[in-house]
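See structure below.
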Amino acid sequence: MEKGDFVVETVDLNKEFHLGDIIVPALRGINFQVKKGEFVVIMGPSGSGKSTLLNMIGGLDNPTAGKVYINGQDISQMSDAALTDLRAREIGFVFQFYNLVPVLTALENVELPLMVTGVPDKESRKRATELLGLVGLGDRLHHRPDELSGGQRQRVSIARAIANDPAIVLADEPTGDVDTKTGDEILDLMHDLNRNLGTTLIVITHDPAVAEHCDRLVRIVDGQIATDRATARKLLEISDEERQVFEELTGIK
């Protein structure tokens with residue numbers, strides 16, 4: 001496939017952190033691709049490099065070496081201004097602790113990325129209202145974050161992340177601050193967005209339950225991809241011929 005066929009591609013991606021005279025390698029030659037519409041979960045122990053990889057893909061940090069492509073664009077070579085614009089238009093973020101603006105209502109929080117990219121006020125309000133309805137918060141438009149439950153806050157965060165119809169949504173431990181039942185509801189919502197809207201998702205998590213909702217499960221150990229395989233959900237959707245090829249290549253049946 002050409003680079004343009006991937007929403008995300010990293011090539012020989014390396015990241016080092018300097019702690020005084022000590023060099024700490026966080027990523028060691030990561031080669032990783034995500035196609036449009038995929039739901040990919042990245043797992044690994046603490047310190048494995050999964051959060052660093054997500055930050056590289058999201059343009060929140062610069063690689064020490066290697067390339068990161070978003071929709072075929074090499075973001076590792078972009079100016080700060082160009083990178084800020086790309087993040088606003090092409091990348092949605094969902095954080096463990098929501099990162100909502102506390103003095104704004106749910107509606108105003110979802111409107112923010114639309115306003116940043118120059119969408120007219122009337123259109124922004126209409127889009128934000130529709131998205132909050134889509135995530136089940138049509139009756140909470142004018143509530144501020146401290147008037148919402150953890151699960152409701154995360155739903156606002158998800159609505160905000162998809163407001164500009166980004167190329168990809170990156171989620172960092174999206175169920176990490178809610179109870180199991182609410183976490184399941186958040187995962188069901190993300191599953192629905194992926195299937196019904198075609199939203200491309202990359203999620204990092206410690207929660208094995210998240211893997212039940214994705215197409216691919218990637219495990220990172222010591223800054224390298226240890227395994228990258230299709231999940232049971234994905235295998236249910238492929239043809240017998242595709243399944244046979246998969247089994248021959250991976251040995252997984």
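Residues in the structure tokens are numbered from 1 in each chain, the chains being A, B, ... in the order shown, and ligands are numbered from 1 in the order shown.
For Arg144 (chain A), the list of residues within 12 Å, based on only C-alpha atoms and with local chain neighbours fewer than 3 positions off taken out, reads Leu100, Val101, Pro102, Val103, Leu104, Thr105, Ala106, Leu107, Glu108, Asn109, Val110, Arg140, Leu141, Glu147, Leu148, Ser149, Gln152, Arg153 and Val156 of chain A.
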Find the residues near Ile204 (chain A): any atom within 6 Å, counting only C-alpha atoms, skip ones fewer than 5 places away on the same chain, and give them as a list in words. Val41, Ile42, Met43, Asp172 and Glu173 of chain A
If we count only C-alpha atoms and set the cut-off at 8 Å, which residues sit around Val34 (chain A), ignoring sequence neighbours fewer than 2 positions away in its own chain? Please answer as a list in words.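 Near neighbours after the sequence-gap exclusion: Phe6, Val7, Val8, Glu9, Phe32, Lys36, Glu38 and Val40 of chain A.
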Go ahead and write the selection's residues with N, CA and C atoms as a PDB file, in the first residue's frame.
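After the write, result_24.pdb holds the following:
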ATOM      1  N   PHE A   6      -2.901   4.839   4.182  1.00  0.00           N
ATOM      2  CA  PHE A   6      -2.969   4.738   5.635  1.00  0.00           C
ATOM      3  C   PHE A   6      -3.374   6.073   6.244  1.00  0.00           C
ATOM      4  N   VAL A   7      -4.213   6.007   7.265  1.00  0.00           N
ATOM      5  CA  VAL A   7      -4.494   7.217   8.035  1.00  0.00           C
ATOM      6  C   VAL A   7      -3.281   7.556   8.895  1.00  0.00           C
ATOM      7  N   VAL A   8      -2.659   6.522   9.444  1.00  0.00           N
ATOM      8  CA  VAL A   8      -1.469   6.696  10.287  1.00  0.00           C
ATOM      9  C   VAL A   8      -0.384   5.743   9.816  1.00  0.00           C
ATOM     10  N   GLU A   9       0.839   6.249   9.750  1.00  0.00           N
ATOM     11  CA  GLU A   9       1.985   5.367   9.522  1.00  0.00           C
ATOM     12  C   GLU A   9       3.197   5.935  10.248  1.00  0.00           C
ATOM     13  N   PHE A  32       4.502   1.021  12.117  1.00  0.00           N
ATOM     14  CA  PHE A  32       3.102   0.826  12.530  1.00  0.00           C
ATOM     15  C   PHE A  32       2.206   1.537  11.521  1.00  0.00           C
ATOM     16  N   LYS A  36      -7.907   3.434   7.330  1.00  0.00           N
ATOM     17  CA  LYS A  36      -9.141   4.167   7.606  1.00  0.00           C
ATOM     18  C   LYS A  36     -10.208   3.208   8.127  1.00  0.00           C
ATOM     19  N   GLU A  38     -10.261   1.545  10.972  1.00  0.00           N
ATOM     20  CA  GLU A  38      -9.819   0.528  11.926  1.00  0.00           C
ATOM     21  C   GLU A  38     -10.007   1.002  13.368  1.00  0.00           C
ATOM     22  N   VAL A  40      -8.025   0.179  16.664  1.00  0.00           N
ATOM     23  CA  VAL A  40      -6.799  -0.457  17.134  1.00  0.00           C
ATOM     24  C   VAL A  40      -6.600  -0.158  18.614  1.00  0.00           C
TER      25      VAL A  40
END
In region 41-202 of chain A, DSSP alpha helix (DSSP H) residues written as a PyMOL selection string: chain A and resi 50-57+80-90+106-116+121-134+150-161+180-192
If DSSP is run on the backbone, what residues of region 37-143 of chain A are strand (DSSP E)? A reply as a list in words would be ideal. Phe39, Val40, Val41, Ile42, Met43, Ala65, Gly66, Lys67, Val68, Tyr69, Ile70, Gln73, Asp74, Ile91, Gly92, Phe93 and Val94 of chain A
Quick one: residues within 10 Å of Gln96 (chain A), only C-alpha atoms, excluding same-chain residues fewer than 6 positions away - as a list in words?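 Counting only C-alpha atoms, the residues come to Gln154, Ser157, Ala171, Asp172, Glu173, Pro174, Thr175, Gly176, Asp177, Val178 and Thr205 of chain A.
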Counting only C-alpha atoms, closest pick from A:Pro25, A:Pro145, A:Pro208, A:Gly118 relative to Gly49 (chain A) is A:Pro25
Rounded to one decimal in Å, what is the spacing between CA of Gly59 (chain A) and CA of Pro120 (chain A)?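 Atom-to-atom, CA of Gly59 (chain A) to CA of Pro120 (chain A), that is 26.4 Å.
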Show which residues sit within 7 Å of Arg216 (chain A), as a PDB file with N, CA and C atoms, in the first residue's frame. Count only C-alpha atoms, and ignore same-chain residues fewer than 6 positions away.
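Heads up, here's the output in around.pdb:
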ATOM      1  N   PHE A  39     -10.170   0.036  14.244  1.00  0.00           N
ATOM      2  CA  PHE A  39     -10.229   0.272  15.688  1.00  0.00           C
ATOM      3  C   PHE A  39      -9.080  -0.526  16.281  1.00  0.00           C
ATOM      4  N   VAL A  40      -8.025   0.179  16.664  1.00  0.00           N
ATOM      5  CA  VAL A  40      -6.799  -0.457  17.134  1.00  0.00           C
ATOM      6  C   VAL A  40      -6.600  -0.158  18.614  1.00  0.00           C
ATOM      7  N   VAL A  41      -6.304  -1.192  19.388  1.00  0.00           N
ATOM      8  CA  VAL A  41      -5.987  -1.034  20.804  1.00  0.00           C
ATOM      9  C   VAL A  41      -4.512  -1.349  21.007  1.00  0.00           C
ATOM     10  N   ASP A 228       1.194  -7.928  17.008  1.00  0.00           N
ATOM     11  CA  ASP A 228       0.207  -7.106  16.297  1.00  0.00           C
ATOM     12  C   ASP A 228      -0.701  -8.084  15.568  1.00  0.00           C
ATOM     13  N   ARG A 229      -1.900  -8.278  16.097  1.00  0.00           N
ATOM     14  CA  ARG A 229      -2.761  -9.317  15.523  1.00  0.00           C
ATOM     15  C   ARG A 229      -4.217  -8.871  15.465  1.00  0.00           C
ATOM     16  N   ALA A 230      -4.943  -9.492  14.542  1.00  0.00           N
ATOM     17  CA  ALA A 230      -6.376  -9.263  14.469  1.00  0.00           C
ATOM     18  C   ALA A 230      -7.051  -9.905  15.671  1.00  0.00           C
ATOM     19  N   THR A 231      -8.153  -9.323  16.119  1.00  0.00           N
ATOM     20  CA  THR A 231      -8.893  -9.861  17.253  1.00  0.00           C
ATOM     21  C   THR A 231     -10.013 -10.775  16.781  1.00  0.00           C
TER      22      THR A 231
END
Which residues are close to Ile162 (chain A), i.e. within 12 Å by only C-alpha atoms, leaving aside same-chain residues fewer than 2 positions away? Reply as a ChimeraX atom specification. /A:88-94,110-114,127-128,130-132,134-135,155-160,164-171,190,193-194,197-201
I need the chosen residues saved as a compact mmCIF listing (two decimals), in the first residue's frame, with N, CA and C atoms.
# COMPACT_ATOMS: atom_id res chain seq x y z
N ALA A 88 -5.92 20.30 15.05
CA ALA A 88 -7.28 20.82 15.20
C ALA A 88 -8.23 20.19 14.19
N ARG A 89 -7.73 19.92 12.99
CA ARG A 89 -8.60 19.45 11.91
C ARG A 89 -8.61 17.94 11.73
N GLU A 90 -7.49 17.28 12.01
CA GLU A 90 -7.33 15.88 11.62
C GLU A 90 -7.28 14.90 12.78
N ILE A 91 -7.08 15.40 14.01
CA ILE A 91 -6.88 14.49 15.14
C ILE A 91 -7.81 14.87 16.28
N GLY A 92 -8.60 13.90 16.75
CA GLY A 92 -9.41 14.09 17.94
C GLY A 92 -8.77 13.39 19.12
N PHE A 93 -8.89 13.98 20.30
CA PHE A 93 -8.26 13.42 21.50
C PHE A 93 -9.32 13.13 22.56
N VAL A 94 -9.20 11.96 23.18
CA VAL A 94 -10.03 11.59 24.33
C VAL A 94 -9.06 11.21 25.44
N VAL A 110 -18.00 21.23 23.34
CA VAL A 110 -17.99 20.56 22.04
C VAL A 110 -17.85 21.57 20.91
N GLU A 111 -18.34 22.78 21.12
CA GLU A 111 -18.22 23.83 20.10
C GLU A 111 -16.78 24.30 19.92
N LEU A 112 -15.95 24.17 20.96
CA LEU A 112 -14.61 24.75 20.94
C LEU A 112 -13.79 24.38 19.70
N PRO A 113 -13.61 23.08 19.39
CA PRO A 113 -12.78 22.76 18.22
C PRO A 113 -13.38 23.26 16.91
N LEU A 114 -14.69 23.39 16.85
CA LEU A 114 -15.33 23.93 15.65
C LEU A 114 -15.02 25.41 15.50
N ARG A 127 -24.03 21.60 15.03
CA ARG A 127 -23.20 20.40 15.02
C ARG A 127 -22.98 19.87 16.43
N ALA A 128 -22.64 20.75 17.37
CA ALA A 128 -22.40 20.34 18.75
C ALA A 128 -23.65 19.75 19.38
N GLU A 130 -26.12 18.24 17.81
CA GLU A 130 -26.35 16.93 17.20
C GLU A 130 -25.41 15.87 17.79
N LEU A 131 -24.15 16.24 18.00
CA LEU A 131 -23.18 15.28 18.52
C LEU A 131 -23.49 14.89 19.96
N LEU A 132 -23.90 15.84 20.77
CA LEU A 132 -24.26 15.51 22.15
C LEU A 132 -25.51 14.62 22.18
N LEU A 134 -26.10 12.46 19.82
CA LEU A 134 -25.58 11.19 19.35
C LEU A 134 -24.96 10.38 20.48
N VAL A 135 -24.30 11.05 21.42
CA VAL A 135 -23.66 10.33 22.53
C VAL A 135 -24.57 10.22 23.75
N ARG A 155 -18.38 11.20 27.70
CA ARG A 155 -19.21 11.30 26.49
C ARG A 155 -19.07 12.68 25.85
N VAL A 156 -19.01 13.71 26.69
CA VAL A 156 -18.77 15.07 26.16
C VAL A 156 -17.40 15.11 25.48
N SER A 157 -16.40 14.50 26.11
CA SER A 157 -15.06 14.45 25.56
C SER A 157 -15.04 13.76 24.20
N ILE A 158 -15.79 12.67 24.08
CA ILE A 158 -15.86 11.94 22.82
C ILE A 158 -16.55 12.78 21.75
N ALA A 159 -17.65 13.43 22.12
CA ALA A 159 -18.34 14.31 21.17
C ALA A 159 -17.42 15.42 20.69
N ARG A 160 -16.66 16.00 21.60
CA ARG A 160 -15.70 17.04 21.23
C ARG A 160 -14.64 16.49 20.28
N ASN A 164 -14.90 17.84 14.52
CA ASN A 164 -14.40 18.27 13.21
C ASN A 164 -14.25 17.11 12.24
N ASP A 165 -14.88 15.97 12.54
CA ASP A 165 -14.78 14.78 11.69
C ASP A 165 -13.32 14.48 11.38
N PRO A 166 -12.51 14.25 12.41
CA PRO A 166 -11.06 14.09 12.21
C PRO A 166 -10.72 12.79 11.49
N ALA A 167 -9.50 12.74 10.97
CA ALA A 167 -9.03 11.52 10.31
C ALA A 167 -8.90 10.39 11.31
N ILE A 168 -8.57 10.74 12.57
CA ILE A 168 -8.35 9.73 13.58
C ILE A 168 -8.66 10.29 14.96
N VAL A 169 -9.14 9.41 15.83
CA VAL A 169 -9.35 9.76 17.23
C VAL A 169 -8.39 8.93 18.07
N LEU A 170 -7.63 9.61 18.93
CA LEU A 170 -6.68 8.97 19.83
C LEU A 170 -7.23 9.03 21.24
N ALA A 171 -7.32 7.88 21.89
CA ALA A 171 -7.90 7.82 23.24
C ALA A 171 -6.89 7.23 24.21
N MET A 190 -17.91 3.92 21.73
CA MET A 190 -16.79 4.00 20.80
C MET A 190 -16.92 2.96 19.70
N LEU A 193 -19.47 4.31 17.24
CA LEU A 193 -18.89 5.37 16.40
C LEU A 193 -18.00 4.78 15.32
N ASN A 194 -17.23 3.78 15.70
CA ASN A 194 -16.35 3.12 14.75
C ASN A 194 -17.14 2.41 13.65
N LEU A 197 -20.12 5.32 12.06
CA LEU A 197 -19.59 6.54 11.44
C LEU A 197 -18.26 6.29 10.73
N GLY A 198 -17.67 5.11 10.93
CA GLY A 198 -16.38 4.82 10.31
C GLY A 198 -15.23 5.54 10.97
N THR A 199 -15.41 5.97 12.23
CA THR A 199 -14.37 6.69 12.95
C THR A 199 -13.16 5.79 13.17
N THR A 200 -11.98 6.25 12.77
CA THR A 200 -10.74 5.52 12.99
C THR A 200 -10.27 5.78 14.42
N LEU A 201 -10.02 4.71 15.17
CA LEU A 201 -9.69 4.84 16.59
C LEU A 201 -8.38 4.14 16.92
So how far away is CA of Val210 (chain A) from CA of Lys67 (chain A), in Å?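 Distance between the two atoms: 28.0 Å.
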Who sits within 12 Å of Asp80 (chain A), only C-alpha atoms, same chain under 4 positions skipped, as a VMD selection string: chain A and resid 59 to 62 75 to 76 84 to 87
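Across the model, the gap from CA of Asp207 (chain A) to CA of Asn31 (chain A) is 23.8 Å.
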